[in-house]
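Visitor: Contents of upload.txt (compact mmCIF, C-alpha atoms):
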# COMPACT_ATOMS: atom_id res chain seq x y z
CA MET G 113 45.78 -18.58 -3.47
CA LEU G 114 44.62 -15.53 -5.35
CA VAL G 115 40.87 -14.86 -5.25
CA THR G 116 38.90 -12.32 -7.27
CA VAL G 117 36.44 -10.18 -5.33
CA LYS G 118 33.70 -7.99 -6.83
CA CYS G 119 33.52 -4.40 -5.60
CA PHE G 120 30.43 -2.17 -5.49
CA ALA G 121 29.59 1.43 -4.62
CA TRP G 122 31.99 2.90 -2.03
CA ALA G 123 34.19 -0.23 -2.22
CA ARG G 124 34.64 0.26 -5.94
CA GLU G 125 35.83 3.82 -5.42
CA VAL G 126 38.38 2.67 -2.87
CA THR G 127 39.79 -0.20 -4.94
CA GLY G 128 39.50 1.69 -8.20
CA GLY G 129 37.89 -1.16 -10.11
CA ASP G 130 34.96 -3.57 -10.48
CA GLU G 131 37.10 -6.35 -9.04
CA VAL G 132 40.12 -6.71 -6.80
CA GLU G 133 42.49 -9.64 -6.42
CA LEU G 134 43.39 -10.68 -2.90
CA GLU G 135 45.87 -13.25 -1.61
CA VAL G 136 44.38 -15.61 0.99
CA PRO G 137 45.73 -18.88 2.38
CA ASP G 138 44.62 -22.13 0.77
CA SER G 139 41.55 -23.35 2.68
CA GLY G 140 41.20 -19.79 3.91
CA THR G 141 38.07 -18.12 5.28
CA VAL G 142 36.21 -14.84 4.97
CA ARG G 143 38.24 -13.72 8.00
CA ASP G 144 41.45 -14.23 6.02
CA LEU G 145 39.99 -12.37 3.08
CA ARG G 146 39.14 -9.42 5.34
CA GLU G 147 42.68 -9.40 6.76
CA SER G 148 44.18 -9.36 3.28
CA LEU G 149 41.77 -6.60 2.21
CA GLY G 150 42.58 -4.41 5.21
CA LYS G 151 46.30 -4.68 4.59
CA LYS G 152 45.97 -3.76 0.95
CA PHE G 153 43.47 -0.92 1.51
CA PRO G 154 43.67 0.85 4.90
CA ALA G 155 40.34 2.57 4.17
CA PHE G 156 38.67 -0.83 4.56
CA ALA G 157 40.53 -1.64 7.76
CA GLU G 158 39.11 1.46 9.38
CA ARG G 159 35.50 0.34 8.90
CA MET G 160 35.75 -3.38 8.31
CA GLU G 161 32.81 -4.19 10.61
CA SER G 162 30.42 -2.24 8.39
CA ILE G 163 31.39 -4.17 5.24
CA ALA G 164 29.65 -7.47 4.50
CA VAL G 165 31.15 -10.21 2.35
CA SER G 166 29.13 -12.43 0.06
CA VAL G 167 30.09 -15.87 -1.16
CA ASN G 168 28.21 -17.16 -4.15
CA GLN G 169 25.57 -14.46 -3.74
CA GLU G 170 24.87 -15.21 -0.06
CA PHE G 171 26.07 -13.16 2.87
CA ALA G 172 28.81 -15.04 4.68
CA GLY G 173 30.04 -15.16 8.27
CA ASP G 174 33.76 -14.76 8.99
CA SER G 175 34.36 -18.48 9.50
CA GLN G 176 33.00 -19.45 6.09
CA GLY G 177 35.59 -20.95 3.76
CA VAL G 178 36.45 -19.37 0.42
CA SER G 179 37.97 -20.98 -2.63
CA VAL G 180 39.19 -19.83 -6.02
CA GLY G 181 36.00 -20.80 -7.85
CA ASP G 182 33.67 -18.86 -5.51
CA GLU G 183 31.88 -15.69 -6.58
CA LEU G 184 33.05 -13.26 -3.88
CA ALA G 185 31.93 -9.67 -3.28
CA LEU G 186 32.39 -6.76 -0.87
CA ILE G 187 29.05 -5.27 0.24
CA PRO G 188 29.23 -1.81 1.84
CA PRO G 189 26.16 -0.66 3.82
CA ILE G 190 23.18 -0.72 1.47
CA SER G 191 20.52 1.85 0.75
CA GLY G 192 18.10 0.20 -1.62
CA GLY G 193 14.39 0.81 -1.46
CA VAL G 194 13.89 4.35 -0.21
CA SER G 195 14.34 6.26 3.03
CA MET V 295 -45.44 17.16 9.93
CA LEU V 296 -44.56 15.20 6.80
CA VAL V 297 -40.84 14.65 6.18
CA THR V 298 -39.18 13.24 3.09
CA VAL V 299 -36.54 10.55 3.65
CA LYS V 300 -34.07 9.25 1.08
CA CYS V 301 -33.83 5.49 0.66
CA PHE V 302 -30.82 3.50 -0.52
CA ALA V 303 -29.98 -0.12 -1.34
CA TRP V 304 -32.09 -2.59 0.66
CA ALA V 305 -34.21 0.27 2.04
CA ARG V 306 -35.10 1.35 -1.45
CA GLU V 307 -36.32 -2.11 -2.35
CA VAL V 308 -38.54 -2.19 0.73
CA THR V 309 -40.08 1.23 0.21
CA GLY V 310 -40.24 0.90 -3.53
CA GLY V 311 -38.77 4.33 -4.24
CA ASP V 312 -35.85 6.74 -3.91
CA GLU V 313 -37.73 8.61 -1.20
CA VAL V 314 -40.47 7.92 1.29
CA GLU V 315 -42.70 10.37 3.14
CA LEU V 316 -43.19 9.81 6.85
CA GLU V 317 -45.43 11.53 9.36
CA VAL V 318 -43.59 12.63 12.51
CA PRO V 319 -44.72 14.96 15.32
CA ASP V 320 -43.70 18.62 15.07
CA SER V 321 -40.40 19.02 16.96
CA GLY V 322 -40.00 15.26 16.54
CA THR V 323 -36.78 13.26 16.71
CA VAL V 324 -35.03 10.47 14.85
CA ARG V 325 -36.75 8.13 17.34
CA ASP V 326 -40.14 9.35 16.13
CA LEU V 327 -39.06 8.92 12.55
CA ARG V 328 -38.04 5.32 13.25
CA GLU V 329 -41.40 4.60 14.91
CA SER V 330 -43.28 5.99 11.94
CA LEU V 331 -41.07 4.01 9.54
CA GLY V 332 -41.58 0.73 11.43
CA LYS V 333 -45.36 1.14 11.41
CA LYS V 334 -45.47 1.84 7.70
CA PHE V 335 -42.98 -0.90 6.73
CA PRO V 336 -42.84 -3.93 9.07
CA ALA V 337 -39.66 -5.09 7.31
CA PHE V 338 -37.87 -2.13 8.91
CA ALA V 339 -39.35 -2.79 12.35
CA GLU V 340 -37.82 -6.27 12.35
CA ARG V 341 -34.27 -4.95 11.99
CA MET V 342 -34.49 -1.32 13.02
CA GLU V 343 -31.29 -1.47 15.10
CA SER V 344 -29.21 -2.25 12.00
CA ILE V 345 -30.47 0.80 10.08
CA ALA V 346 -28.75 4.15 10.60
CA VAL V 347 -30.42 7.50 10.00
CA SER V 348 -28.61 10.51 8.62
CA VAL V 349 -29.63 14.12 9.09
CA ASN V 350 -28.06 16.60 6.69
CA GLN V 351 -25.44 14.03 5.64
CA GLU V 352 -24.31 13.20 9.18
CA PHE V 353 -25.23 10.08 11.10
CA ALA V 354 -27.71 10.96 13.85
CA GLY V 355 -28.52 9.51 17.26
CA ASP V 356 -32.14 8.76 18.16
CA SER V 357 -32.59 11.90 20.23
CA GLN V 358 -31.61 14.26 17.44
CA GLY V 359 -34.41 16.53 16.25
CA VAL V 360 -35.68 16.48 12.68
CA SER V 361 -37.50 19.18 10.77
CA VAL V 362 -39.12 19.53 7.38
CA GLY V 363 -36.15 21.24 5.79
CA ASP V 364 -33.61 18.57 6.82
CA GLU V 365 -32.03 16.19 4.32
CA LEU V 366 -32.92 12.81 5.85
CA ALA V 367 -31.86 9.36 4.77
CA LEU V 368 -32.10 5.69 5.78
CA ILE V 369 -28.70 3.97 5.77
CA PRO V 370 -28.77 0.15 5.79
CA PRO V 371 -25.54 -1.64 6.74
CA ILE V 372 -22.84 -0.55 4.32
CA SER V 373 -20.34 -2.51 2.28
CA GLY V 374 -18.15 0.04 0.55
CA GLY V 375 -14.48 -0.50 0.05
CA VAL V 376 -13.91 -4.22 -0.39
CA SER V 377 -14.05 -7.32 1.78
CA MET M 208 5.79 -13.05 -10.55
CA ILE M 209 7.95 -10.11 -11.59
CA CYS M 210 11.10 -9.77 -9.47
CA ARG M 211 13.85 -7.81 -11.14
CA ILE M 212 16.39 -5.03 -11.33
CA VAL M 213 15.62 -2.69 -14.23
CA GLU M 214 17.30 0.24 -15.93
CA THR M 215 14.01 1.56 -17.34
CA PRO M 216 11.13 3.33 -15.56
CA VAL M 217 9.13 1.25 -13.10
CA ASP M 218 5.56 0.88 -14.32
CA MET M 219 3.15 0.23 -11.46
CA ASP M 220 0.36 -0.95 -13.78
CA THR M 221 2.60 -3.78 -14.94
CA LEU M 222 3.31 -4.84 -11.36
CA ILE M 223 -0.34 -4.60 -10.35
CA GLY M 224 -1.42 -6.55 -13.41
CA ASP M 225 1.15 -9.20 -12.57
CA VAL M 226 -0.41 -9.95 -9.17
CA ALA M 227 -4.11 -9.25 -9.75
CA GLU M 228 -6.17 -12.31 -10.58
CA ASP M 229 -9.88 -13.00 -10.40
CA ASP M 230 -9.65 -14.39 -6.87
CA ILE M 231 -7.85 -11.31 -5.56
CA GLY M 232 -9.75 -8.78 -3.44
CA GLY M 233 -7.03 -6.35 -2.47
CA VAL M 234 -3.71 -5.15 -3.79
CA CYS M 235 -1.41 -3.05 -1.62
CA THR M 236 1.40 -1.29 -3.42
CA PHE M 237 4.37 0.73 -2.30
CA ILE M 238 6.12 3.21 -4.53
CA GLY M 239 9.46 4.63 -3.48
CA LEU M 240 10.19 7.96 -5.12
CA VAL M 241 13.31 10.10 -5.36
CA ARG M 242 12.84 12.98 -2.93
CA ASN M 243 14.20 16.48 -3.44
CA HIS M 244 15.75 16.58 0.03
CA SER M 245 17.68 14.26 2.30
CA ARG M 246 19.33 14.83 5.66
CA GLY M 247 18.64 18.53 5.39
CA GLN M 248 20.31 18.87 2.02
CA ARG M 249 18.77 19.61 -1.35
CA VAL M 250 19.08 16.66 -3.75
CA THR M 251 19.35 17.19 -7.50
CA HIS M 252 19.37 13.54 -8.61
CA LEU M 253 20.40 10.07 -7.52
CA GLU M 254 22.41 7.21 -8.91
CA TYR M 255 21.38 3.70 -7.93
CA HIS M 256 23.90 0.90 -8.29
CA ALA M 257 23.32 -2.81 -7.66
CA TYR M 258 24.91 -6.20 -7.55
CA PRO M 259 22.19 -7.27 -9.98
CA GLU M 260 22.32 -11.08 -9.85
CA MET M 261 22.51 -11.16 -6.07
CA SER M 262 19.83 -8.46 -5.77
CA GLU M 263 17.36 -10.51 -7.76
CA LYS M 264 18.25 -13.58 -5.71
CA LYS M 265 17.68 -11.72 -2.43
CA MET M 266 14.44 -10.22 -3.73
CA ARG M 267 13.23 -13.75 -4.46
CA GLN M 268 14.20 -14.64 -0.90
CA VAL M 269 12.05 -11.77 0.38
CA ILE M 270 9.11 -13.13 -1.62
CA GLU M 271 9.64 -16.59 -0.14
CA GLU M 272 9.78 -15.15 3.38
CA ILE M 273 6.49 -13.33 2.75
CA SER M 274 4.86 -16.52 1.53
CA GLU M 275 5.94 -18.32 4.71
CA ARG M 276 4.98 -15.52 7.08
CA PHE M 277 1.77 -14.17 5.62
CA GLY M 278 0.63 -16.81 3.15
CA VAL M 279 0.76 -14.23 0.37
CA ASP M 280 2.14 -15.61 -2.89
CA ARG M 281 1.24 -12.92 -5.37
CA ILE M 282 4.02 -10.36 -5.07
CA ALA M 283 5.79 -8.36 -7.74
CA MET M 284 8.73 -6.04 -7.24
CA GLU M 285 11.09 -4.00 -9.36
CA HIS M 286 14.03 -1.85 -8.34
CA ARG M 287 15.43 0.59 -10.82
CA ILE M 288 19.13 1.39 -11.11
CA GLY M 289 21.06 4.08 -12.95
CA THR M 290 20.47 7.83 -12.82
CA LEU M 291 17.09 8.86 -11.41
CA GLN M 292 15.60 12.33 -11.31
CA ILE M 293 13.45 13.81 -8.53
CA GLY M 294 9.98 12.26 -8.53
CA GLU M 295 10.97 9.13 -10.43
CA ILE M 296 10.17 5.71 -9.03
CA ALA M 297 13.15 3.88 -7.52
CA VAL M 298 11.25 0.85 -6.26
CA GLY M 299 7.77 -0.53 -6.87
CA ILE M 300 6.09 -3.36 -4.96
CA ALA M 301 2.64 -4.90 -5.39
CA ALA M 302 1.20 -7.53 -3.03
CA ALA M 303 -2.18 -9.11 -3.70
CA SER M 304 -4.36 -11.18 -1.44
CA ALA M 305 -7.97 -12.28 -1.06
CA HIS M 306 -8.24 -9.93 1.93
CA ARG M 307 -6.65 -6.60 2.61
CA ASP M 308 -4.88 -7.24 5.89
CA ALA M 309 -2.45 -9.74 4.41
CA SER M 310 -1.74 -7.53 1.40
CA PHE M 311 -0.73 -4.61 3.65
CA LYS M 312 1.48 -6.80 5.84
CA ALA M 313 3.16 -8.39 2.83
CA CYS M 314 3.89 -5.08 1.12
CA ARG M 315 5.23 -3.49 4.28
CA TYR M 316 7.47 -6.45 5.01
CA ALA M 317 8.77 -6.37 1.43
CA ILE M 318 10.01 -2.78 1.51
CA ASP M 319 11.46 -3.12 5.03
CA ARG M 320 13.29 -6.32 4.10
CA ILE M 321 14.56 -5.01 0.76
CA LYS M 322 16.31 -2.27 2.67
CA GLN M 323 18.00 -4.84 4.90
CA ILE M 324 19.29 -7.49 2.54
CA VAL M 325 19.18 -6.47 -1.14
CA PRO M 326 22.60 -5.18 -2.29
CA ILE M 327 21.62 -1.87 -3.87
CA TRP M 328 23.32 1.43 -3.21
CA LYS M 329 22.50 5.01 -3.92
CA LYS M 330 24.66 8.04 -4.40
CA GLU M 331 23.00 11.36 -3.71
CA PHE M 332 23.95 14.36 -5.78
CA GLY M 333 23.30 17.73 -4.17
CA GLU M 334 24.56 21.26 -3.95
CA ASP M 335 27.50 20.17 -1.81
CA GLY M 336 28.64 17.32 -4.03
CA ALA M 337 27.89 13.62 -4.07
CA VAL M 338 27.74 11.11 -1.24
CA TRP M 339 27.07 7.38 -0.91
CA VAL M 340 24.06 6.91 1.30
CA GLU M 341 24.83 4.08 3.70
CA GLU M 342 21.75 3.19 5.66
CA CYS M 343 22.07 -0.43 6.64
CA SER M 344 25.12 -2.58 7.29
CA VAL M 345 24.16 -6.11 6.33
CA ASP M 346 24.18 -8.61 9.20
CA ALA M 347 25.21 -11.96 7.74
CA GLU M 348 23.38 -13.81 10.53
CA THR M 349 19.93 -12.51 9.58
CA ALA M 350 20.34 -11.83 5.88
CA MET O 244 -6.61 16.13 -3.39
CA ILE O 245 -8.95 13.82 -5.29
CA CYS O 246 -11.85 12.54 -3.16
CA ARG O 247 -14.82 11.40 -5.16
CA ILE O 248 -17.44 8.88 -6.21
CA VAL O 249 -17.07 8.01 -9.89
CA GLU O 250 -19.01 6.02 -12.45
CA THR O 251 -15.95 5.48 -14.66
CA PRO O 252 -12.94 3.21 -14.12
CA VAL O 253 -10.60 4.12 -11.26
CA ASP O 254 -7.18 5.06 -12.62
CA MET O 255 -4.45 4.50 -10.06
CA ASP O 256 -1.92 6.62 -11.97
CA THR O 257 -4.19 9.61 -11.58
CA LEU O 258 -4.47 9.07 -7.83
CA ILE O 259 -0.72 8.52 -7.44
CA GLY O 260 0.03 11.61 -9.51
CA ASP O 261 -2.35 13.59 -7.34
CA VAL O 262 -0.38 12.88 -4.14
CA ALA O 263 3.20 12.59 -5.38
CA GLU O 264 5.23 15.77 -5.09
CA ASP O 265 8.95 16.43 -5.08
CA ASP O 266 9.16 16.19 -1.29
CA ILE O 267 7.45 12.79 -1.19
CA GLY O 268 9.52 9.67 -0.56
CA GLY O 269 6.87 6.99 -0.38
CA VAL O 270 3.39 6.36 -1.69
CA CYS O 271 1.31 3.49 -0.36
CA THR O 272 -1.73 2.57 -2.38
CA PHE O 273 -4.60 0.18 -1.86
CA ILE O 274 -6.66 -1.17 -4.70
CA GLY O 275 -9.90 -3.00 -3.96
CA LEU O 276 -10.90 -5.34 -6.77
CA VAL O 277 -14.07 -7.26 -7.50
CA ARG O 278 -13.40 -10.88 -6.58
CA ASN O 279 -14.90 -13.88 -8.33
CA HIS O 280 -16.04 -15.47 -5.07
CA SER O 281 -17.63 -14.36 -1.83
CA ARG O 282 -18.90 -16.33 1.15
CA GLY O 283 -18.32 -19.56 -0.72
CA GLN O 284 -20.38 -18.50 -3.69
CA ARG O 285 -19.27 -17.72 -7.22
CA VAL O 286 -19.78 -14.03 -8.11
CA THR O 287 -20.52 -12.97 -11.68
CA HIS O 288 -20.56 -9.19 -11.16
CA LEU O 289 -21.38 -6.50 -8.61
CA GLU O 290 -23.45 -3.38 -8.44
CA TYR O 291 -22.23 -0.58 -6.21
CA HIS O 292 -24.70 2.06 -5.06
CA ALA O 293 -23.97 5.17 -3.03
CA TYR O 294 -25.46 8.17 -1.33
CA PRO O 295 -22.99 10.21 -3.38
CA GLU O 296 -23.01 13.62 -1.65
CA MET O 297 -22.76 12.09 1.81
CA SER O 298 -20.15 9.59 0.65
CA GLU O 299 -17.84 12.35 -0.57
CA LYS O 300 -18.42 14.25 2.67
CA LYS O 301 -17.54 11.20 4.78
CA MET O 302 -14.49 10.47 2.60
CA ARG O 303 -13.30 14.02 3.27
CA GLN O 304 -13.83 13.30 6.97
CA VAL O 305 -11.62 10.21 6.66
CA ILE O 306 -8.89 12.35 5.10
CA GLU O 307 -9.16 14.87 7.95
CA GLU O 308 -8.92 12.08 10.53
CA ILE O 309 -5.79 10.78 8.82
CA SER O 310 -4.23 14.24 8.87
CA GLU O 311 -4.87 14.50 12.61
CA ARG O 312 -3.72 10.98 13.47
CA PHE O 313 -0.74 10.46 11.21
CA GLY O 314 0.19 13.91 9.95
CA VAL O 315 -0.34 12.74 6.38
CA ASP O 316 -2.05 15.31 4.19
CA ARG O 317 -1.52 13.95 0.72
CA ILE O 318 -4.31 11.43 0.25
CA ALA O 319 -6.42 10.69 -2.80
CA MET O 320 -9.34 8.29 -2.98
CA GLU O 321 -11.96 7.26 -5.47
CA HIS O 322 -14.83 4.81 -5.11
CA ARG O 323 -16.56 3.61 -8.21
CA ILE O 324 -20.29 2.90 -8.37
CA GLY O 325 -22.50 1.18 -10.94
CA THR O 326 -21.99 -2.26 -12.44
CA LEU O 327 -18.50 -3.71 -12.00
CA GLN O 328 -17.10 -6.86 -13.52
CA ILE O 329 -14.69 -9.30 -11.89
CA GLY O 330 -11.20 -7.82 -11.64
CA GLU O 331 -12.31 -4.20 -11.94
CA ILE O 332 -11.27 -1.66 -9.34
CA ALA O 333 -14.01 -0.71 -6.86
CA VAL O 334 -11.90 1.56 -4.69
CA GLY O 335 -8.47 3.16 -5.05
CA ILE O 336 -6.51 4.98 -2.35
CA ALA O 337 -3.11 6.64 -2.50
CA ALA O 338 -1.32 8.07 0.56
CA ALA O 339 1.99 9.88 0.24
CA SER O 340 4.47 10.87 2.89
CA ALA O 341 8.12 11.79 3.25
CA HIS O 342 8.67 8.42 4.96
CA ARG O 343 7.08 5.07 4.35
CA ASP O 344 5.72 4.23 7.77
CA ALA O 345 3.20 7.06 7.76
CA SER O 346 2.09 6.30 4.22
CA PHE O 347 1.28 2.68 5.13
CA LYS O 348 -0.60 3.69 8.28
CA ALA O 349 -2.59 6.36 6.43
CA CYS O 350 -3.59 4.05 3.59
CA ARG O 351 -4.59 1.24 5.93
CA TYR O 352 -6.66 3.57 8.08
CA ALA O 353 -8.37 4.95 4.98
CA ILE O 354 -9.68 1.63 3.69
CA ASP O 355 -10.70 0.44 7.16
CA ARG O 356 -12.55 3.67 7.88
CA ILE O 357 -14.24 3.85 4.47
CA LYS O 358 -15.84 0.51 5.25
CA GLN O 359 -17.19 1.88 8.53
CA ILE O 360 -18.67 5.24 7.65
CA VAL O 361 -19.01 5.86 3.91
CA PRO O 362 -22.57 5.09 2.72
CA ILE O 363 -21.86 2.77 -0.20
CA TRP O 364 -23.58 -0.55 -0.78
CA LYS O 365 -22.91 -3.47 -3.02
CA LYS O 366 -25.19 -6.08 -4.47
CA GLU O 367 -23.55 -9.34 -5.42
CA PHE O 368 -24.82 -11.23 -8.42
CA GLY O 369 -24.06 -14.94 -8.44
CA GLU O 370 -25.37 -18.29 -9.55
CA ASP O 371 -28.02 -18.26 -6.84
CA GLY O 372 -29.33 -14.78 -7.53
CA ALA O 373 -28.51 -11.36 -6.11
CA VAL O 374 -27.97 -10.26 -2.54
CA TRP O 375 -27.17 -7.00 -0.77
CA VAL O 376 -23.91 -7.42 1.08
CA GLU O 377 -24.33 -5.87 4.51
CA GLU O 378 -21.02 -5.81 6.29
CA CYS O 379 -21.13 -2.94 8.72
CA SER O 380 -24.05 -1.34 10.57
CA VAL O 381 -23.10 2.29 11.06
CA ASP O 382 -22.74 3.34 14.70
CA ALA O 383 -23.83 6.97 14.90
CA GLU O 384 -21.65 7.52 17.98
CA THR O 385 -18.38 6.84 16.19
CA ALA O 386 -19.21 7.76 12.61
Would you kindly transcribe this structure into structure tokens?
Guide:
Amino acid sequence: MLVTVKCFAWAREVTGGDEVELEVPDSGTVRDLRESLGKKFPAFAERMESIAVSVNQEFAGDSQGVSVGDELALIPPISGGVS
Amino acid sequence: MLVTVKCFAWAREVTGGDEVELEVPDSGTVRDLRESLGKKFPAFAERMESIAVSVNQEFAGDSQGVSVGDELALIPPISGGVS
Amino acid sequence: MICRIVETPVDMDTLIGDVAEDDIGGVCTFIGLVRNHSRGQRVTHLEYHAYPEMSEKKMRQVIEEISERFGVDRIAMEHRIGTLQIGEIAVGIAAASAHRDASFKACRYAIDRIKQIVPIWKKEFGEDGAVWVEECSVDAETA
Amino acid sequence: MICRIVETPVDMDTLIGDVAEDDIGGVCTFIGLVRNHSRGQRVTHLEYHAYPEMSEKKMRQVIEEISERFGVDRIAMEHRIGTLQIGEIAVGIAAASAHRDASFKACRYAIDRIKQIVPIWKKEFGEDGAVWVEECSVDAETA
């Protein structure tokens, strides 16, 4: 299935857009999404462990399932608030 | 010698004025000032340990000397800031 | 209680007014400002970006955590996004309580936790170009 | 740095502006408000009295202690005296630092220490009459 994933900050510069479409297996997980992302964009593969993934506006572990209707996003390391 | 002592808050209500004059021995100390105060106003004698004395705008121990030219004050328990 | 991402200047009086009621004795606030230096480099301005819907959701989570931990319910927070100049307020927090200890703890927890779990990013513009500041990788287990 | 006893309303923006400079990243403020209750009694208003010259001197001492302990030099504080209504600001403190931890510590120390050594008194007016609130006997050894 093809899922749409929101991109922010550094991730947006890598993918070149607000959203990216990724192919993941039906009944796939965040882990599958990461694998698909790393193949499509090597820059992500190099630092995958520093990127979080959110599903429906909650941070998700790798074993969490994803489906076409979910709101998915790539969350690079954050820097809100102030130093 | 006769010294003039500023009164604030509760102390002012007891003495009835912004200042009170107290007789202390020449080369006297804060201890002497307290003794003179307690004799003149029994309300002070009853709770003398809760009243601080300042000499020239610094809190003073009982053995500190006082002289006519000093700025003296009675400091009841404070409640600045907020609870 | 105010809890939002804004594109306009953060007004502390609005946040303070939002939490101060007649039974409140103390309000602790924290104001995060854009500094003119960072990591040894001169900064000219910043750009803050956010995932706005999720940011507001996670800010509400922070407020709920504070209520559970410190019993403080009167909290307001705003985080500004867009281009900010030196000295402008990036984030404002106000925490009110009957007594001061809880208001300090609540406000401190709020700014620390915002930095951990609210998806906001900043890009620093300096003499040597622009860079995404990446301070905290989000840990899904504790976020 | 502002450090004074005032008879007019405390304006937090003035205090914040006094400490915020381009190299400042965080400002922690504390605002002490007149509460509508105290010790189980309803409060209608308060009167704050001070030994003004000594109060400003002791407030300057608090600022010096903060500089020594926390390395924070940008502190502003105002304490209002006279008649205050419920919800009005009695005391305002702003502490600024490059990083937030020091600003929180400085602000917290300031309000705690003000209550220990600055000669200010308040009289609470309630349904059952008026009473001097006596919270802290000054210890000359540590003041």
Visitor: Might you pull out every residue within 12 Å of range 135-138 of chain G, with only C-alpha atoms counted and same-chain residues fewer than 4 positions away left off, and present them as a list in words?
Guide: Met113, Leu114, Val115, Thr116, Val117, Val142, Arg143, Asp144, Leu145, Arg146, Glu147, Ser148, Leu149, Gly150, Lys151, Lys152, Gly177, Val178, Ser179 and Val180 of chain G
Visitor: Dump C-alpha atoms for the selected residues as a PDB file, in the frame of the given file?
Guide:
ATOM      1  CA  MET G 113      45.780 -18.580  -3.470  1.00  0.00           C
ATOM      2  CA  LEU G 114      44.620 -15.530  -5.350  1.00  0.00           C
ATOM      3  CA  VAL G 115      40.870 -14.860  -5.250  1.00  0.00           C
ATOM      4  CA  THR G 116      38.900 -12.320  -7.270  1.00  0.00           C
ATOM      5  CA  VAL G 117      36.440 -10.180  -5.330  1.00  0.00           C
ATOM      6  CA  VAL G 142      36.210 -14.840   4.970  1.00  0.00           C
ATOM      7  CA  ARG G 143      38.240 -13.720   8.000  1.00  0.00           C
ATOM      8  CA  ASP G 144      41.450 -14.230   6.020  1.00  0.00           C
ATOM      9  CA  LEU G 145      39.990 -12.370   3.080  1.00  0.00           C
ATOM     10  CA  ARG G 146      39.140  -9.420   5.340  1.00  0.00           C
ATOM     11  CA  GLU G 147      42.680  -9.400   6.760  1.00  0.00           C
ATOM     12  CA  SER G 148      44.180  -9.360   3.280  1.00  0.00           C
ATOM     13  CA  LEU G 149      41.770  -6.600   2.210  1.00  0.00           C
ATOM     14  CA  GLY G 150      42.580  -4.410   5.210  1.00  0.00           C
ATOM     15  CA  LYS G 151      46.300  -4.680   4.590  1.00  0.00           C
ATOM     16  CA  LYS G 152      45.970  -3.760   0.950  1.00  0.00           C
ATOM     17  CA  GLY G 177      35.590 -20.950   3.760  1.00  0.00           C
ATOM     18  CA  VAL G 178      36.450 -19.370   0.420  1.00  0.00           C
ATOM     19  CA  SER G 179      37.970 -20.980  -2.630  1.00  0.00           C
ATOM     20  CA  VAL G 180      39.190 -19.830  -6.020  1.00  0.00           C
TER      21      VAL G 180
END
Visitor: With distances taken over only C-alpha atoms, which of O:Cys379, O:Ala319, O:Ala341, O:Ile245 is nearest to Ile363 in chain O?
Guide: O:Cys379
Visitor: O:Gly330, O:His342, O:Glu308, O:Gly314: which is nearest chain G, counting only C-alpha atoms?
Guide: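 Comparing O:Gly330, O:His342, O:Glu308, O:Gly314 against chain G, the winner is O:His342.
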Visitor: Would you pick out the contacts of Gln268 in chain M at 10 Å or less, using only C-alpha atoms, so that residues sharing its chain but fewer than 5 positions from it are not included, and give the list as a list in words?
Guide: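 Skipping anything fewer than 5 positions along the chain leaves Ser262, Glu263, Ile273, Ser274, Arg320, Ile321, Ile324, Val325 and Ala350 of chain M.
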Visitor: Could you check which of V:Glu315, V:Ala303, V:Asp356, V:Glu365 is closest to Glu343 in chain V, using all atoms listed in the file?
Guide: V:Asp356
Visitor: With a cut-off of 8 Å and counting all atoms listed in the file, select all residues of chain O in contact with chain M and give the selection as a count of residues only.
Guide: 23
Visitor: I'd like to know which of M:Ile282, M:Ala313, M:Met261, M:Val213 is closest to chain G, using only C-alpha atoms.
Guide: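 Once distances to chain G are computed over only C-alpha atoms, the minimum belongs to M:Met261.
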Visitor: What does the distance from CA of Glu214 in chain M to CA of Gly289 in chain M come to in Å, to one decimal?
Guide: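 Separation of CA of Glu214 in chain M and CA of Gly289 in chain M: 6.1 Å.
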Visitor: Provide the CA of Pro154 in chain G to CA of Asp130 in chain G distance in Å, to one decimal place.
Guide: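 Computing the Euclidean distance for CA of Pro154 in chain G and CA of Asp130 in chain G yields 18.2 Å.
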